[in-house]
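So this block is query_5.cif, mmCIF, N, CA and C atoms:
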```
data_data
loop_
_atom_site.label_atom_id
_atom_site.label_comp_id
_atom_site.auth_asym_id
_atom_site.auth_seq_id
_atom_site.Cartn_x
_atom_site.Cartn_y
_atom_site.Cartn_z
N MET A 60 97.76 26.76 94.47
CA MET A 60 98.20 27.75 95.44
C MET A 60 99.62 28.19 95.09
N LEU A 61 99.87 29.46 95.28
CA LEU A 61 101.18 30.01 94.96
C LEU A 61 102.21 29.58 95.99
N PRO A 62 103.46 29.36 95.57
CA PRO A 62 104.49 28.97 96.53
C PRO A 62 104.80 30.11 97.48
N LYS A 63 105.06 29.78 98.72
CA LYS A 63 105.37 30.80 99.72
C LYS A 63 106.77 31.34 99.49
N ARG A 64 106.89 32.65 99.58
CA ARG A 64 108.18 33.29 99.37
C ARG A 64 108.82 33.58 100.72
N ASN A 65 110.11 33.76 100.74
CA ASN A 65 110.83 33.94 101.99
C ASN A 65 110.87 35.39 102.48
N TYR A 66 110.52 36.33 101.65
CA TYR A 66 110.57 37.72 102.07
C TYR A 66 109.46 38.51 101.41
N TYR A 67 109.20 39.69 101.99
CA TYR A 67 108.08 40.51 101.56
C TYR A 67 108.32 41.19 100.22
N LEU A 68 107.23 41.51 99.56
CA LEU A 68 107.21 42.32 98.36
C LEU A 68 107.94 41.71 97.19
N ASN A 69 107.98 40.40 97.13
CA ASN A 69 108.51 39.73 95.96
C ASN A 69 107.46 39.73 94.87
N ASP A 70 107.94 39.83 93.67
CA ASP A 70 107.04 39.73 92.54
C ASP A 70 106.96 38.26 92.16
N TYR A 71 105.81 37.66 92.33
CA TYR A 71 105.64 36.23 92.05
C TYR A 71 106.05 35.90 90.62
N PHE A 72 105.76 36.79 89.70
CA PHE A 72 106.05 36.51 88.31
C PHE A 72 107.53 36.59 87.97
N ASP A 73 108.37 37.11 88.87
CA ASP A 73 109.81 37.08 88.62
C ASP A 73 110.30 35.66 88.44
N ILE A 74 109.64 34.70 89.09
CA ILE A 74 110.03 33.30 88.99
C ILE A 74 109.98 32.85 87.54
N PHE A 75 108.95 33.27 86.85
CA PHE A 75 108.73 32.81 85.49
C PHE A 75 109.30 33.74 84.43
N ASN A 76 109.82 34.90 84.87
CA ASN A 76 110.43 35.87 83.95
C ASN A 76 109.46 36.23 82.82
N ILE A 77 108.27 36.66 83.19
CA ILE A 77 107.27 37.04 82.20
C ILE A 77 107.44 38.54 81.91
N PRO A 78 108.00 38.91 80.76
CA PRO A 78 108.34 40.32 80.55
C PRO A 78 107.15 41.25 80.37
N TYR A 79 106.02 40.77 79.84
CA TYR A 79 104.92 41.69 79.57
C TYR A 79 104.35 42.29 80.84
N ASN A 80 104.40 41.58 81.95
CA ASN A 80 103.86 42.14 83.18
C ASN A 80 104.68 43.34 83.64
N LYS A 81 105.99 43.22 83.60
CA LYS A 81 106.82 44.33 84.02
C LYS A 81 106.79 45.46 83.01
N GLU A 82 106.61 45.13 81.76
CA GLU A 82 106.56 46.14 80.72
C GLU A 82 105.35 47.05 80.91
N TYR A 83 104.23 46.49 81.30
CA TYR A 83 103.00 47.26 81.35
C TYR A 83 102.53 47.60 82.76
N MET A 84 103.17 47.07 83.77
CA MET A 84 102.79 47.41 85.14
C MET A 84 104.05 47.70 85.95
N LYS A 85 104.79 48.70 85.51
CA LYS A 85 106.02 49.05 86.22
C LYS A 85 105.65 49.50 87.62
N THR A 86 106.40 48.99 88.60
CA THR A 86 106.05 49.20 90.00
C THR A 86 107.24 49.71 90.79
N ASP A 87 107.01 50.77 91.56
CA ASP A 87 107.98 51.26 92.53
C ASP A 87 107.45 50.91 93.91
N ILE A 88 108.35 50.43 94.77
CA ILE A 88 107.97 50.07 96.14
C ILE A 88 108.90 50.81 97.08
N TYR A 89 108.32 51.52 98.05
CA TYR A 89 109.16 52.20 99.02
C TYR A 89 108.49 52.20 100.39
N GLU A 90 109.28 52.58 101.40
CA GLU A 90 108.81 52.63 102.78
C GLU A 90 108.65 54.09 103.20
N LYS A 91 107.61 54.35 103.97
CA LYS A 91 107.40 55.69 104.53
C LYS A 91 106.49 55.58 105.73
N ASP A 92 106.90 56.17 106.83
CA ASP A 92 106.07 56.21 108.05
C ASP A 92 105.58 54.82 108.45
N ASN A 93 106.48 53.85 108.48
CA ASN A 93 106.17 52.48 108.89
C ASN A 93 105.13 51.80 108.00
N LYS A 94 105.08 52.23 106.73
CA LYS A 94 104.19 51.62 105.75
C LYS A 94 104.98 51.31 104.49
N TYR A 95 104.48 50.33 103.74
CA TYR A 95 104.98 50.09 102.39
C TYR A 95 104.02 50.76 101.43
N ILE A 96 104.58 51.32 100.38
CA ILE A 96 103.78 51.98 99.36
C ILE A 96 104.18 51.41 98.00
N LEU A 97 103.20 50.91 97.27
CA LEU A 97 103.42 50.43 95.91
C LEU A 97 102.80 51.45 94.97
N GLU A 98 103.57 51.92 94.00
CA GLU A 98 103.06 52.80 92.96
C GLU A 98 103.20 52.06 91.64
N ILE A 99 102.07 51.79 91.01
CA ILE A 99 102.02 50.93 89.83
C ILE A 99 101.48 51.74 88.65
N ASP A 100 102.26 51.79 87.58
CA ASP A 100 101.81 52.48 86.37
C ASP A 100 100.84 51.60 85.61
N ILE A 101 99.62 52.10 85.44
CA ILE A 101 98.61 51.40 84.64
C ILE A 101 97.89 52.48 83.81
N PRO A 102 98.59 53.13 82.89
CA PRO A 102 97.96 54.21 82.15
C PRO A 102 96.93 53.70 81.14
N GLY A 103 95.94 54.54 80.89
CA GLY A 103 94.96 54.24 79.86
C GLY A 103 93.92 53.21 80.23
N ILE A 104 93.86 52.84 81.50
CA ILE A 104 92.88 51.84 81.94
C ILE A 104 91.92 52.51 82.92
N LYS A 105 90.66 52.28 82.73
CA LYS A 105 89.65 52.86 83.62
C LYS A 105 89.69 52.17 84.98
N LYS A 106 89.38 52.95 86.01
CA LYS A 106 89.41 52.43 87.38
C LYS A 106 88.53 51.21 87.55
N GLU A 107 87.38 51.18 86.90
CA GLU A 107 86.47 50.03 87.05
C GLU A 107 87.00 48.76 86.38
N ASN A 108 88.05 48.88 85.58
CA ASN A 108 88.66 47.71 84.94
C ASN A 108 89.89 47.20 85.68
N ILE A 109 90.11 47.71 86.89
CA ILE A 109 91.24 47.27 87.73
C ILE A 109 90.67 46.49 88.90
N LYS A 110 91.21 45.31 89.13
CA LYS A 110 90.78 44.47 90.25
C LYS A 110 91.99 44.20 91.14
N ILE A 111 91.79 44.36 92.44
CA ILE A 111 92.83 44.07 93.42
C ILE A 111 92.31 42.97 94.32
N ASN A 112 93.09 41.91 94.45
CA ASN A 112 92.70 40.77 95.26
C ASN A 112 93.81 40.48 96.27
N TYR A 113 93.41 40.17 97.49
CA TYR A 113 94.38 39.80 98.53
C TYR A 113 93.94 38.46 99.12
N GLU A 114 94.82 37.47 99.03
CA GLU A 114 94.50 36.15 99.54
C GLU A 114 95.77 35.41 99.94
N ASN A 115 95.76 34.83 101.14
CA ASN A 115 96.87 34.03 101.65
C ASN A 115 98.21 34.76 101.58
N GLY A 116 98.19 36.05 101.86
CA GLY A 116 99.43 36.83 101.87
C GLY A 116 99.85 37.38 100.52
N TYR A 117 99.11 37.07 99.47
CA TYR A 117 99.45 37.54 98.12
C TYR A 117 98.50 38.65 97.68
N LEU A 118 99.08 39.73 97.20
CA LEU A 118 98.34 40.84 96.63
C LEU A 118 98.43 40.71 95.12
N THR A 119 97.29 40.61 94.45
CA THR A 119 97.27 40.45 93.00
C THR A 119 96.51 41.62 92.39
N ILE A 120 97.15 42.24 91.40
CA ILE A 120 96.53 43.35 90.69
C ILE A 120 96.29 42.88 89.25
N ALA A 121 95.06 43.01 88.78
CA ALA A 121 94.72 42.64 87.41
C ALA A 121 94.02 43.84 86.77
N ALA A 122 94.37 44.09 85.52
CA ALA A 122 93.75 45.20 84.79
C ALA A 122 93.46 44.75 83.37
N GLU A 123 92.38 45.30 82.82
CA GLU A 123 91.98 44.91 81.48
C GLU A 123 91.72 46.16 80.65
N LYS A 124 92.28 46.15 79.45
CA LYS A 124 92.04 47.25 78.51
C LYS A 124 91.42 46.65 77.27
N ASN A 125 90.23 47.13 76.94
CA ASN A 125 89.51 46.61 75.78
C ASN A 125 90.08 47.20 74.49
N ALA A 126 90.03 46.42 73.45
CA ALA A 126 90.54 46.85 72.15
C ALA A 126 89.68 47.97 71.58
N LEU A 127 90.30 48.78 70.73
CA LEU A 127 89.55 49.82 70.04
C LEU A 127 88.59 49.19 69.06
N SER A 128 87.49 49.88 68.86
CA SER A 128 86.56 49.38 67.85
C SER A 128 87.12 49.74 66.48
N GLY A 129 86.75 49.01 65.50
CA GLY A 129 87.23 49.29 64.16
C GLY A 129 87.84 48.04 63.56
N ASP A 130 88.09 48.10 62.30
CA ASP A 130 88.63 46.98 61.54
C ASP A 130 90.14 46.89 61.75
N PRO A 131 90.63 45.80 62.37
CA PRO A 131 92.07 45.66 62.59
C PRO A 131 92.90 45.68 61.31
N SER A 132 92.31 45.30 60.21
CA SER A 132 93.06 45.28 58.95
C SER A 132 93.33 46.68 58.42
N LYS A 133 92.69 47.69 58.97
CA LYS A 133 92.88 49.07 58.53
C LYS A 133 94.07 49.76 59.22
N TYR A 134 94.59 49.14 60.28
CA TYR A 134 95.71 49.74 60.99
C TYR A 134 96.99 49.60 60.17
N VAL A 135 97.78 50.66 60.12
CA VAL A 135 99.10 50.61 59.50
C VAL A 135 100.11 50.12 60.53
N ARG A 136 99.92 50.54 61.77
CA ARG A 136 100.80 50.12 62.86
C ARG A 136 99.97 50.10 64.14
N ARG A 137 100.16 49.10 64.95
CA ARG A 137 99.40 48.98 66.20
C ARG A 137 100.36 48.54 67.29
N GLU A 138 100.73 49.46 68.20
CA GLU A 138 101.71 49.17 69.25
C GLU A 138 101.12 49.18 70.64
N ARG A 139 99.95 49.76 70.80
CA ARG A 139 99.37 49.83 72.13
C ARG A 139 98.85 48.47 72.55
N PHE A 140 98.93 48.22 73.85
CA PHE A 140 98.52 46.93 74.41
C PHE A 140 97.03 46.91 74.68
N TYR A 141 96.39 45.78 74.35
CA TYR A 141 95.00 45.53 74.70
C TYR A 141 94.91 44.12 75.25
N GLY A 142 94.12 43.95 76.28
CA GLY A 142 93.96 42.65 76.90
C GLY A 142 94.10 42.77 78.40
N GLU A 143 94.45 41.67 79.07
CA GLU A 143 94.58 41.67 80.53
C GLU A 143 96.03 41.55 80.93
N ILE A 144 96.39 42.30 81.96
CA ILE A 144 97.71 42.19 82.57
C ILE A 144 97.50 41.92 84.05
N ARG A 145 98.49 41.28 84.66
CA ARG A 145 98.34 40.85 86.05
C ARG A 145 99.72 40.75 86.70
N ARG A 146 99.79 41.18 87.98
CA ARG A 146 101.01 40.99 88.77
C ARG A 146 100.61 40.60 90.19
N SER A 147 101.46 39.82 90.82
CA SER A 147 101.23 39.41 92.21
C SER A 147 102.48 39.68 93.03
N PHE A 148 102.25 40.07 94.29
CA PHE A 148 103.33 40.32 95.22
C PHE A 148 103.00 39.61 96.52
N TYR A 149 104.00 38.97 97.12
CA TYR A 149 103.80 38.40 98.45
C TYR A 149 104.06 39.50 99.46
N ILE A 150 103.05 39.84 100.26
CA ILE A 150 103.18 40.93 101.23
C ILE A 150 103.01 40.45 102.66
N GLY A 151 102.80 39.18 102.86
CA GLY A 151 102.59 38.65 104.20
C GLY A 151 101.14 38.75 104.62
N ILE A 152 100.88 38.27 105.80
CA ILE A 152 99.50 38.26 106.30
C ILE A 152 99.14 39.64 106.83
N LYS A 153 98.07 40.19 106.30
CA LYS A 153 97.58 41.50 106.68
C LYS A 153 96.08 41.41 106.92
N LYS A 154 95.54 42.39 107.64
CA LYS A 154 94.09 42.53 107.74
C LYS A 154 93.62 43.21 106.46
N ASP A 155 92.47 42.80 105.96
CA ASP A 155 91.93 43.43 104.75
C ASP A 155 91.77 44.93 104.92
N THR A 156 91.45 45.36 106.13
CA THR A 156 91.25 46.78 106.37
C THR A 156 92.55 47.58 106.37
N ASP A 157 93.70 46.89 106.43
CA ASP A 157 95.00 47.57 106.41
C ASP A 157 95.40 48.00 104.99
N LEU A 158 94.80 47.40 103.98
CA LEU A 158 95.16 47.68 102.59
C LEU A 158 94.33 48.84 102.07
N LYS A 159 94.99 49.85 101.56
CA LYS A 159 94.32 51.03 100.99
C LYS A 159 94.81 51.22 99.56
N ALA A 160 93.90 51.58 98.66
CA ALA A 160 94.26 51.78 97.26
C ALA A 160 93.58 53.02 96.71
N ARG A 161 94.28 53.69 95.79
CA ARG A 161 93.70 54.81 95.06
C ARG A 161 94.31 54.83 93.66
N TYR A 162 93.57 55.38 92.72
CA TYR A 162 93.99 55.41 91.32
C TYR A 162 93.81 56.82 90.79
N ILE A 163 94.93 57.48 90.51
CA ILE A 163 94.90 58.86 90.03
C ILE A 163 95.88 58.99 88.87
N ASP A 164 95.40 59.53 87.75
CA ASP A 164 96.24 59.82 86.59
C ASP A 164 97.08 58.64 86.12
N GLY A 165 96.48 57.46 86.10
CA GLY A 165 97.17 56.28 85.58
C GLY A 165 98.12 55.60 86.54
N ILE A 166 98.14 56.05 87.79
CA ILE A 166 99.02 55.44 88.80
C ILE A 166 98.15 54.87 89.92
N LEU A 167 98.28 53.57 90.12
CA LEU A 167 97.60 52.88 91.22
C LEU A 167 98.54 52.88 92.41
N THR A 168 98.08 53.42 93.53
CA THR A 168 98.89 53.47 94.75
C THR A 168 98.23 52.60 95.80
N ILE A 169 99.00 51.65 96.32
CA ILE A 169 98.50 50.74 97.36
C ILE A 169 99.40 50.89 98.57
N THR A 170 98.81 51.10 99.74
CA THR A 170 99.59 51.22 100.98
C THR A 170 99.11 50.20 101.99
N PHE A 171 100.05 49.75 102.81
CA PHE A 171 99.73 48.84 103.91
C PHE A 171 100.86 48.92 104.93
N PRO A 172 100.56 48.63 106.20
CA PRO A 172 101.58 48.73 107.24
C PRO A 172 102.65 47.67 107.10
N LYS A 173 103.86 48.07 107.50
CA LYS A 173 104.95 47.11 107.53
C LYS A 173 104.68 46.10 108.63
N ALA A 174 105.09 44.89 108.41
CA ALA A 174 104.92 43.86 109.44
C ALA A 174 106.05 44.00 110.44
N ASP A 175 105.70 43.84 111.68
CA ASP A 175 106.74 43.79 112.69
C ASP A 175 107.36 42.40 112.62
N LEU A 176 108.58 42.36 112.12
CA LEU A 176 109.25 41.07 112.00
C LEU A 176 109.57 40.54 113.38
N PRO A 177 109.32 39.26 113.62
CA PRO A 177 109.59 38.72 114.94
C PRO A 177 111.08 38.78 115.25
N LYS A 178 111.36 39.21 116.47
CA LYS A 178 112.76 39.28 116.90
C LYS A 178 113.19 37.89 117.35
N LYS A 179 114.39 37.55 116.95
CA LYS A 179 114.92 36.26 117.37
C LYS A 179 115.29 36.33 118.84
N GLU A 180 114.75 35.38 119.54
CA GLU A 180 114.99 35.33 120.97
C GLU A 180 116.11 34.33 121.25
N THR A 181 117.12 34.78 121.95
CA THR A 181 118.23 33.91 122.29
C THR A 181 118.07 33.43 123.72
N LYS A 182 118.16 32.13 123.90
CA LYS A 182 118.06 31.56 125.24
C LYS A 182 119.34 30.79 125.54
N ASN A 183 119.84 31.02 126.72
CA ASN A 183 121.01 30.26 127.15
C ASN A 183 120.53 28.94 127.77
N ILE A 184 121.21 27.91 127.44
CA ILE A 184 120.87 26.59 127.98
C ILE A 184 121.94 26.21 128.98
N THR A 185 121.47 25.87 130.16
CA THR A 185 122.37 25.48 131.23
C THR A 185 122.88 24.06 130.99
N ILE A 186 124.18 23.91 131.14
CA ILE A 186 124.79 22.59 130.98
C ILE A 186 124.83 21.93 132.34
N SER A 187 124.31 20.71 132.45
CA SER A 187 124.29 20.03 133.74
C SER A 187 125.41 19.03 133.82
#
```

Kindly return the structure encoded in the file as structure tokens.
Amino acid sequence: MLPKRNYYLNDYFDIFNIPYNKEYMKTDIYEKDNKYILEIDIPGIKKENIKINYENGYLTIAAEKNALSGDPSKYVRRERFYGEIRRSFYIGIKKDTDLKARYIDGILTITFPKADLPKKETKNITIS
């Protein structure tokens, strides 16, 4: 089980400083109309090869790009990424129906409502 984070929208992989995830899944997060919006760049990957999982407050995005067919020894230079990439964010406890996703032109957009953070209640204690 992943360790619980103290605040929303943390990238779980920041703990381990795994550069390939950020290199290939650059993510912008912003607030609008009492919602959080994640915009994730995943160019060149088909929609059916993207999996989104939400469990125990963690949103995990995994994508897979299959290698080109052909003889690898024939390449003079090969810089494009092939394989699986994955990122996780702690977003807090949400209803599954609150999470919405769409994928257009290589950008995966995920929206969900902001959590109402509990207000700290101050109580005065009477001294007897």

Exactly which residues make up the result of the PyMOL selection byres (((chain A and resi 166 and name CA) around 10) and name CA) on this file, given as a JSON list (two decimals) with N, CA and C atoms, in the frame of the given file?
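File produced: selection_37.json:
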```
[["chain", "number", "residue", "atom", "x", "y", "z"],
["A", 84, "MET", "N", 103.17, 47.07, 83.77],
["A", 84, "MET", "CA", 102.79, 47.41, 85.14],
["A", 84, "MET", "C", 104.05, 47.70, 85.95],
["A", 85, "LYS", "N", 104.79, 48.70, 85.51],
["A", 85, "LYS", "CA", 106.02, 49.05, 86.22],
["A", 85, "LYS", "C", 105.65, 49.50, 87.62],
["A", 86, "THR", "N", 106.40, 48.99, 88.60],
["A", 86, "THR", "CA", 106.05, 49.20, 90.00],
["A", 86, "THR", "C", 107.24, 49.71, 90.79],
["A", 97, "LEU", "N", 103.20, 50.91, 97.27],
["A", 97, "LEU", "CA", 103.42, 50.43, 95.91],
["A", 97, "LEU", "C", 102.80, 51.45, 94.97],
["A", 98, "GLU", "N", 103.57, 51.92, 94.00],
["A", 98, "GLU", "CA", 103.06, 52.80, 92.96],
["A", 98, "GLU", "C", 103.20, 52.06, 91.64],
["A", 99, "ILE", "N", 102.07, 51.79, 91.01],
["A", 99, "ILE", "CA", 102.02, 50.93, 89.83],
["A", 99, "ILE", "C", 101.48, 51.74, 88.65],
["A", 100, "ASP", "N", 102.26, 51.79, 87.58],
["A", 100, "ASP", "CA", 101.81, 52.48, 86.37],
["A", 100, "ASP", "C", 100.84, 51.60, 85.61],
["A", 101, "ILE", "N", 99.62, 52.10, 85.44],
["A", 101, "ILE", "CA", 98.61, 51.40, 84.64],
["A", 101, "ILE", "C", 97.89, 52.48, 83.81],
["A", 102, "PRO", "N", 98.59, 53.13, 82.89],
["A", 102, "PRO", "CA", 97.96, 54.21, 82.15],
["A", 102, "PRO", "C", 96.93, 53.70, 81.14],
["A", 103, "GLY", "N", 95.94, 54.54, 80.89],
["A", 103, "GLY", "CA", 94.96, 54.24, 79.86],
["A", 103, "GLY", "C", 93.92, 53.21, 80.23],
["A", 104, "ILE", "N", 93.86, 52.84, 81.50],
["A", 104, "ILE", "CA", 92.88, 51.84, 81.94],
["A", 104, "ILE", "C", 91.92, 52.51, 82.92],
["A", 161, "ARG", "N", 94.28, 53.69, 95.79],
["A", 161, "ARG", "CA", 93.70, 54.81, 95.06],
["A", 161, "ARG", "C", 94.31, 54.83, 93.66],
["A", 162, "TYR", "N", 93.57, 55.38, 92.72],
["A", 162, "TYR", "CA", 93.99, 55.41, 91.32],
["A", 162, "TYR", "C", 93.81, 56.82, 90.79],
["A", 163, "ILE", "N", 94.93, 57.48, 90.51],
["A", 163, "ILE", "CA", 94.90, 58.86, 90.03],
["A", 163, "ILE", "C", 95.88, 58.99, 88.87],
["A", 164, "ASP", "N", 95.40, 59.53, 87.75],
["A", 164, "ASP", "CA", 96.24, 59.82, 86.59],
["A", 164, "ASP", "C", 97.08, 58.64, 86.12],
["A", 165, "GLY", "N", 96.48, 57.46, 86.10],
["A", 165, "GLY", "CA", 97.17, 56.28, 85.58],
["A", 165, "GLY", "C", 98.12, 55.60, 86.54],
["A", 167, "LEU", "N", 98.28, 53.57, 90.12],
["A", 167, "LEU", "CA", 97.60, 52.88, 91.22],
["A", 167, "LEU", "C", 98.54, 52.88, 92.41],
["A", 168, "THR", "N", 98.08, 53.42, 93.53],
["A", 168, "THR", "CA", 98.89, 53.47, 94.75],
["A", 168, "THR", "C", 98.23, 52.60, 95.80],
["A", 169, "ILE", "N", 99.00, 51.65, 96.32],
["A", 169, "ILE", "CA", 98.50, 50.74, 97.36],
["A", 169, "ILE", "C", 99.40, 50.89, 98.57]]
```

| said: Which of segment 71-175 of chain A end up as strand (DSSP E) when DSSP is run on this backbone - answer as a count of residues only? | reply: 47

| message | What would the selection look like, as JSON, numbers by chain, if the PyMOL selection byres (((chain A and resi 116 and name CA) around 9) and name CA) were run on the coordinates I just shared? | response | {"A": [63, 113, 114, 115, 117, 118, 148, 149, 150, 151, 152, 153]}

| task | Give me the residues within 6 Å of segment 136-147 of chain A as a list of chain:residue names, counting only C-alpha atoms and dropping any in the same chain fewer than 6 places off. | result |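 So, after excluding close chain neighbours, the residues are A:Asp70, A:Tyr71, A:Leu118, A:Thr119, A:Ile120, A:Ala121, A:Ala122, A:Glu123, A:Lys124, A:Asn125, A:Ala126.
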
| said: As an exercise, work out the distance from atom CA of Asp155 of chain A to atom CA of Asn112 of chain A in Å and give it to one decimal place. | reply: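 Interatomic distance here is 9.9 Å.
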
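Pairwise distance (atom N of Asp92 of chain A, atom CA of Thr156 of chain A) equals 18.3 Å.
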
| field | Shortest interatomic distance to Phe171 of chain A - which of A:Lys94, A:Tyr83, A:Tyr89, A:Tyr134, counting only C-alpha atoms | value |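 Of all the options, A:Lys94 lies closest to Phe171 of chain A.
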
| Quick one: distance from atom CA of Lys106 of chain A to atom N of Asp87 of chain A in Å, one decimal? |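 Interatomic distance, atom CA of Lys106 of chain A to atom N of Asp87 of chain A: 18.2 Å.
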
| Which is closer to Thr170 of chain A than all the others in A:Thr185, A:Ile111, A:Ser132, A:Leu158, using all atoms listed in the file? |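 So, comparing all the options, the nearest one is A:Leu158.
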